[in-house]
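To start, the structure under review is shown below, and the notes come after it.
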Number of protein chains: 2
Amino acid sequence: MACERILIIGGGVLGPKVACRLKRLKPEWDVTVIDQQEEIAYSACGIPYYISGDVGELQGLMTASFQMVRSPEFFEDAKDVRIKTRTQALALDRQAKQVRVRQVETGAEEKLSYDKLVLATGRRPKPLNVAGAELPGVVSVATLMQAEAVKRRISQGEVAKAVIIGASPRGLEMTAAVSDLWGVETTLVEPGSQVLPGLLDVPLARMVQYEVQCRGVQVFLEESVQEILAAPGEHSLEVITSTHRLPADLVIVALGAEPRTELAVSAGLLASPNGGLLVNQRLQTSDPDIYAGGGCIEYPHLLTGKTIYFPETSLAHRQGRVIGTNIAGGYATFPDIVGSFTLKVFDLGVAGTGLTLETARNEGLTAEAALVVQQDHAHFYPTQELIYLQLVVDSSSRRLLGAQGISPNGDAVVGRVNSIAALLGQHGNLEDLAHLEVAYSPPYATALDIVNTVANTAENLVTGFNQSISLTEFQRLFLEEARDDVICLDVRGAANAAPFVARFPERWLNIPQETLKYRFKEVPRDKRLILICNAGMRSYEALRQLQTQGFDNAVGLQGGVAALKKAGILTLE
Amino acid sequence: MACERILIIGGGVLGPKVACRLKRLKPEWDVTVIDQQEEIAYSACGIPYYISGDVGELQGLMTASFQMVRSPEFFEDAKDVRIKTRTQALALDRQAKQVRVRQVETGAEEKLSYDKLVLATGRRPKPLNVAGAELPGVVSVATLMQAEAVKRRISQGEVAKAVIIGASPRGLEMTAAVSDLWGVETTLVEPGSQVLPGLLDVPLARMVQYEVQCRGVQVFLEESVQEILAAPGEHSLEVITSTHRLPADLVIVALGAEPRTELAVSAGLLASPNGGLLVNQRLQTSDPDIYAGGGCIEYPHLLTGKTIYFPETSLAHRQGRVIGTNIAGGYATFPDIVGSFTLKVFDLGVAGTGLTLETARNEGLTAEAALVVQQDHAHFYPTQELIYLQLVVDSSSRRLLGAQGISPNGDAVVGRVNSIAALLGQHGNLEDLAHLEVAYSPPYATALDIVNTVANTAENLVTGFNQSISLTEFQRLFLEEARDDVICLDVRGAANAAPFVARFPERWLNIPQETLKYRFKEVPRDKRLILICNAGMRSYEALRQLQTQGFDNAVGLQGGVAALKKAGILTLE
C-alpha cells in the first residue's frame with residue numbers, strides 16, 4: 001500500500017492506541033486523531049481515585065507510565081501522530097471519504113479526507129431523564145473538568161451530603177470516594193433490586209451492599225429518582241425518590257454508559273437496536289473502510305453468542321491493537337467477550353467474569369452456582385484473608401459459565417477470576433478448573449486453591465452428590481418464612497453455635513460434626529434440615545454422613561456462617 | 001461393589017486426601033491410613049514460616065482451616081478414617097494383596113489385607129553425599145521434629161552462622177527464614193550456575209539472587225560441597241566447598257527431593273529410570289489394584305510429553321481426589337503437568353509455570369523469550385509495584401511455553417502466572433494471551449495488563465518486528481567484552497541518563513526518544529546500538545524509528561534499566 005491517510009475520531013483510549021500501533025507498523029503513513037475535548041488519552045477510570053485523594057494531582061491521570069504527559073506534543077514528538085483537540089466531527093461523507101469538522105473555539109470548519117477511518121467516539125454517561133437533572137450540582141463526573149470541579153467543591157467543604165444515583169461500578173467507586181476520605185454523608189440510590197445488577201448474583205451483591213452500609217452509607221434499592229429540586233436551605237438540592245426526599249449538596253449520576261454513535265448512524269452505519277455499532281471480528285463496521293472499537297460498539301458475548309454493550313477500558317486497549325494491525329494490512333481478529341470486571345468498594349476487592357447465575361438462567365441455560373469461602377493464603381500464614389467465590393456452571397454440559405468473587409485482598413480475587421476467565425475463553429469445563437494447576441506456596445495460596453475447591457464443590461452439586469441452598473434461600477426459608485419444620489443443624493463447635501442456639505432456641509440445633517457419627521439419634525427426621533458450619537466444608541461432610549443414615553431431608557448452606565455474616569444477614573457472635 | 005478394604009500407605013498430603021474423598025463417596029468402606037511418623041497430615045511446606053517466626057506455634061502446621069488439629073482422633077471422628085501412626089510398611093505382597101507392617105515402638109508385626117492399595121509414600125530430601133553429612137547440626141528440616149529442634153537452637157541463640165546448601169525453593173525459603181528475622185549470618189551454596197535452576201531463566205534468577213544478596217546473604221554459585229567437618233572452635237561445623245571453608249553452627253541441606261519408592265519397587269512396580277513410580281492417567285501403577293500419587297510418582301509434562309518429577313503439594317491434593325474417585329468406581333483422570341510454582345524470597349514473590357527458555361531450547365523447541373517490566377496496578381494508583389514477567393513461546397507454532405515472574409506484590413504475580421498456566425493447560429497460543437480478558441480497575445491492574453503486554457511484545461519479537469537482547473547478553477556484550485563498537489543509546493530523559501553517560505563517556509549516548517525524530521544524524525551508523533529506556537517500551541519505539549531511517553544495527557534491551565537494576569547488573573542513579 002502507498003502512504004495512506006488515516007483519520008481517527010476520538011482521542012480517548014482506543015484512538016491513540018490505534019494511532020500509535022499504526023505508526024509503529026507504518027511509520028510513513030499520515031495518522032491524525034481528532035477530539036472535541038482539550039484533554040486526550042487520559043485515564044477516566046482513575047477519576048474516582050482523584051476525587052478520593054488517592055491520586056493527588058489531576059496530572060496523574062494524564063501521564064503515561066514514565067511520567068510523560070500524554071499531550072498533543074507528546075504524541076507528535078514521541079509517536080509522530082498528529083492530534084487535533086477541540087475539534088468536533090460534524091458529518092461523515094462515506095462516498096467522498098471525508099469528515100467535516102469544526103474547530104470549537106473558532107468555529108472554523110474544514111473537510112478531512114481519509115483512506116481509512118476509525119470511529120473511537122467512545123461512551124457517555126447514561127442521562128438521568130428527570131426534571132432537575134440539569135441543575136448545577138448534578139453531575140456524572142465523566143471528564144477531567146467535571147472531576148476537578150467536584151473535587152474542588154468537596155475539598156473546600158461545600159459538600160456535606162451527597163446522593164449517588166446508580167449502584168453501578170462507577171456509582172460504588174464514587175460512593176467510596178466521597179464518603180470514605182472526605183466523610184461526606186452519602187446515600188446510594190439504585191433503581192434495581194441489588195447493587196451491581198447484571199454483574200453479581202444476589203449473594204455476592206448483598207455482601208458488597210453490606211460493606212457499603214457498614215461504612216455508614218445509606219443504601220436504597222428499588223428506589224427510582226423522580227425529580228431533583230433546587231432547595232433554598234442548607235443544602236442546595238433535594239432528590240425526590242419513590243419514597244424519600246434526600247437533601248444533597250452534590251448528586252452524582254452513575255447509571256452506566258451508552259455508546260456515542262450519532263455521527264456513524266447518520267452516515268448509515270449499522271448499529272444494534274441498543275445503539276452500539278456493529279462490527280465484524282476484524283472490527284470493521286458495515287463500511288469496510290471504517291473501523292470502530294471501544295465504547296461505541298457492541299460485540300458478541302462468548303457464552304451467549306449475543307452482542308452486548310461492555311465498554312471496558314481494557315477491551316478498548318486490546319481492540320486498538322487489532323484495528324491498527326488490520327488497517328496496516330495485517331490480519332487480526334478480536335475474540336468474543338467474556339465480561340471480566342473488577343472494582344474496589346472501600347477496602348473490598350470485587351471481581352467477576354462470564355455470566356451470573358441469573359443471566360445464565362435467563363438465557364435458558366441449565367445453570368447451577370457454588371459459593372465457596374476460603375483463605376487466599378495458607379490458613380496458618382499470618383497475612384491470610386477470606387475470599388468468597390461463586391462459580392456458575394452449566395449442569396448439563398459441565399461447561400464453566402462464570403465466576404464472581406470478593407475479598408479484602410483484591411489482587412488475590414482478581415488473580416483467581418482471571419484464571420477462570422482464561423478457561424472461559426477456551427470453552428473450559430469443570431474438570432479443567434478442578435485440575436487447574438495454580439501455583440502454591442503458603443504466602444500466596446492454599447494447598448488446594450479456592451479455584452480448585454469451587455470447581456470440586458460445583459461438581460458435587462451438579463452430580464447431585466451435595467445439596468445446598470444459597471444464602472438468599474436461607475434468608476427466605478429460615479428467617480422470613482420462619483417455618484417450624486425448617487431447622488438449622490449447626491455442626492460447628494459449641495462455642496460458635498451458642499449465640500445462634502440462644503437466639504433460635506426451637507430452630508437451631510448444635511451437633512459438632514466430629515461428634516455426629518455418635519449422635520445420629522438426636523437429628524430430627526421429620527424436619528427439613530439446613531446444615532451449617534463456618535464455611536460449608538463440614539456441613540458437606542455432615543450431609544454425606546446423614547445421607548448414609550437415610551436422612552433425605554438435609555441441605556447445606558453455601559458459604560456457611562461466614563457468608564451470612566459477610567452479607568449482614570445474620571450477625572450474631 | 002461390596003464393602004472394600006482400602007489401605008493407604010502414607011499420611012502426608014495425598015493419603016488423607018484419598019481417604020476422606022473415599023469415605024464421602026463410600027461411607028461404608030473400610031479405609032485405613034498408615035504412617036511411620038507420629039504426626040500426620042501436617043503442612044510441611046509451612047516449616048520455613050515456622051522457623052522464621054511467621055507461624056508462632058508448631059500446632060499451626062497441624063490444624064485444618066478451622067482450628068481442628070488433624071490428629072488420628074480427628075480423622076476417626078470427623079472423617080471415619082482409621083489412622084495407624086508409627087506404623088512402618090515392610091513388604092508388599094501383591095499376590096496375596098497384603099502389606100506386612102511393623103509397629104515402630106513395640107516391634108510387633110502384622111499383615112494388613114487390601115482390596116485396593118494406595119501408595120502415598122511421598123518424597124524425602126535428596127541426601128548430601130559427602131563426608132560429614134551425618135554430623136549433628138547438618139539437617140534437611142523436612143519433618144516437624146527437625147523443624148522444632150532447629151527453631152529451638154536458633155531461638156536460644158545457638159546459631160550465629162548458617163550455611164544453606166542448595167538454592168532450591170526450600171533452600172531460598174530457609175535462607176530467608178534464618179537470616180531475615182533471626183539475623184543469622186547466612187551463606188547460600190549452590191552447585192549449579194544460578195539460583196532456582198530449572199525453574200527460572202538467568203535474567204529472573206539474577207534478580208532473585210540480587211534480592212538475597214541485598215539482604216546480606218553471601219551467595220556462592222557453581223560451588224560444590226566437598227566435606228563437612230566437626231570444628232572445635234566457636235562454630236561447631238566447617239563446610240568445605242570447592243573454593244571456601246565456611247564455619248557454621250547450622251547446615252541446612254536443600255538439594256531438592258526424591259521419591260520414596262523402595263516398597264513399591266521391591267514389589268516389582270514399574271518406576272522410571274529417575275526413580276519415580278509410573279502411573280497412568282487414572283493414577284494406577286503397573287498393578288491396577290495399586291494407585292499412587294504425590295511425591296512418589298513421576299508424571300508427564302504437558303509441554304514436553306516426558307515424565308518429570310514434580311512433587312508439589314497442591315498436585316498431591318488434586319491427585320488424591322482423582323484416586324479416591326477412581327477407587328470408588330468413578331472415572332477420573334489427572335491432566336499432564338505444566339509445572340506451576342511460587343515461593344516467597346524475603347519480600348519478593350517469585351512464580352512460574354511451563355518451561356524456561358533454556359529447557360525449551362534443550363527440548364529442541366524454537367523458543368523465544370520476552371521480558372516485560374510493568375506495574376501491577378495503574379501507574380497513578382498509590383499502591384503500585386513493578387512486575388518483571390518473562391514469557392517463553394515457540395516462535396514457529398506461536399504456542400505458549402511458559403512464564404516466570406517476580407514482584408514485591410506476590411499475589412499479583414501469582415495471579416498473572418496462574419492465568420498463563422490456565423492457557424498452557426489448554427494449549428494456548430500468543431493470540432490467546434494477547435487477548436486474554438483480564439479484569440481491569442486502577443487498584444488491581446493496568447488498562448493493558450502485563451499478561452497482554454508480554455504477549456504483544458513476544459509477538460513483535462517472533463515476527464521479527466522488534467529485536468532485543470536479554471540482560472545477560474547485555475552484560476556480556478557491553479560490560480564484559482566492553483567492545484568499542486557496541487554502544488548504548490539511552491532514550492530516557494537527560495536526568496536519568498546522566499550517571500550512565502558519566503560512567504561510560506565513550507559508549508553511552510543519550511537522545512530522549514521524544515527528540516529522536518529530530519536528531520537521527522547524531523546516531524552512529526557504524527556501531528552496534530543497544531537501545532535502552534526504563535523498561536523497554538520507549539526503546540522499542542526508538543527501534544522502529546531507527547529501522548525506518550535505515551539503521552539495521554540496533555536492538556533493544558529487554559526490561560531496560562529497571563531490569564538491570566533489579567538484577568544488580570548496573571546500579572547507578
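Chain labels follow the order of the C-alpha cells: the first chain is A, the next B, and so on; residue numbering restarts at 1 in every chain, and ligands are counted from 1 in their shown order.
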
| task | as a VMD selection string, please: all residues of range 317-367 of chain A that backbone DSSP puts in strand (DSSP E or B). | result | chain A and resid 337 341 to 345 348 to 354 367

| request: Using only C-alpha atoms, select each residue of chain A with any atom at most 6 Å away from an atom of chain B, and give the selection as a list in words. | output: Gly60, Ser65, Asp77, Ala78, Ser314, Ser340, Phe341, Thr342, Leu343, His379, Phe380, Asp411, Ala412, Gly415, Asn418, Ser419, Val438, Ala439, Tyr440, Ser441, Tyr444, Ala447, Leu448 and Glu514 of chain A

Would you write out those residues with N, CA and C atoms, as a CSV table (one decimal), in the first residue's frame?
chain,number,residue,atom,x,y,z
A,60,GLY,N,-1.8,13.3,37.3
A,60,GLY,CA,-1.5,11.9,37.4
A,60,GLY,C,-2.3,11.0,36.4
A,65,SER,N,3.1,5.8,31.7
A,65,SER,CA,3.8,5.1,32.8
A,65,SER,C,5.0,5.8,33.4
A,77,ASP,N,5.7,14.3,19.0
A,77,ASP,CA,7.2,14.1,19.1
A,77,ASP,C,7.6,12.6,19.3
A,78,ALA,N,6.9,12.0,20.3
A,78,ALA,CA,7.3,10.6,20.6
A,78,ALA,C,6.7,9.6,19.7
A,314,SER,N,-10.1,-1.8,29.2
A,314,SER,CA,-9.0,-2.7,28.8
A,314,SER,C,-9.4,-3.3,27.4
A,340,SER,N,-15.1,-9.9,31.8
A,340,SER,CA,-14.4,-9.7,33.1
A,340,SER,C,-14.4,-8.3,33.6
A,341,PHE,N,-14.5,-8.1,34.9
A,341,PHE,CA,-14.5,-6.8,35.5
A,341,PHE,C,-13.9,-6.9,36.9
A,342,THR,N,-13.5,-5.8,37.4
A,342,THR,CA,-13.2,-5.7,38.8
A,342,THR,C,-13.4,-4.2,39.3
A,343,LEU,N,-13.6,-4.1,40.6
A,343,LEU,CA,-13.6,-2.7,41.2
A,343,LEU,C,-13.3,-2.9,42.7
A,379,HIS,N,-3.9,-21.2,55.7
A,379,HIS,CA,-4.6,-20.7,56.9
A,379,HIS,C,-3.7,-20.5,58.1
A,380,PHE,N,-2.5,-21.0,58.0
A,380,PHE,CA,-1.6,-20.7,59.2
A,380,PHE,C,-0.7,-19.6,58.9
A,411,ASP,N,-6.0,-8.2,44.9
A,411,ASP,CA,-5.1,-8.9,44.0
A,411,ASP,C,-5.4,-10.4,43.9
A,412,ALA,N,-5.7,-10.9,45.1
A,412,ALA,CA,-5.9,-12.4,45.2
A,412,ALA,C,-7.2,-12.8,44.4
A,415,GLY,N,-6.8,-12.3,40.7
A,415,GLY,CA,-6.0,-13.4,40.1
A,415,GLY,C,-6.8,-14.6,39.9
A,418,ASN,N,-9.3,-14.0,37.0
A,418,ASN,CA,-8.6,-14.0,35.7
A,418,ASN,C,-8.3,-15.4,35.2
A,419,SER,N,-7.9,-16.3,36.1
A,419,SER,CA,-7.5,-17.6,35.7
A,419,SER,C,-8.8,-18.4,35.2
A,438,VAL,N,-2.7,-24.2,39.5
A,438,VAL,CA,-2.3,-22.9,40.0
A,438,VAL,C,-1.0,-23.2,41.0
A,439,ALA,N,-0.3,-22.1,41.1
A,439,ALA,CA,1.0,-22.2,41.9
A,439,ALA,C,0.6,-22.1,43.4
A,440,TYR,N,1.4,-22.9,44.1
A,440,TYR,CA,1.2,-23.0,45.6
A,440,TYR,C,2.4,-22.6,46.4
A,441,SER,N,2.2,-21.8,47.4
A,441,SER,CA,3.2,-21.6,48.4
A,441,SER,C,2.4,-20.9,49.5
A,444,TYR,N,1.0,-17.3,49.4
A,444,TYR,CA,0.2,-16.8,48.3
A,444,TYR,C,-1.0,-17.7,47.9
A,447,ALA,N,-3.0,-25.0,49.8
A,447,ALA,CA,-2.5,-26.2,49.0
A,447,ALA,C,-3.6,-26.6,48.0
A,448,LEU,N,-4.8,-26.6,48.4
A,448,LEU,CA,-5.9,-26.8,47.4
A,448,LEU,C,-6.5,-25.4,47.2
A,514,GLU,N,-17.7,-33.6,64.3
A,514,GLU,CA,-16.9,-34.7,64.7
A,514,GLU,C,-17.5,-35.6,65.8

| field | Exercise: Asp485 in chain A partners within 9 Å, only C-alpha atoms, chain neighbours under 4 positions left out, as number ranges by chain | value | A: 507, 526-529
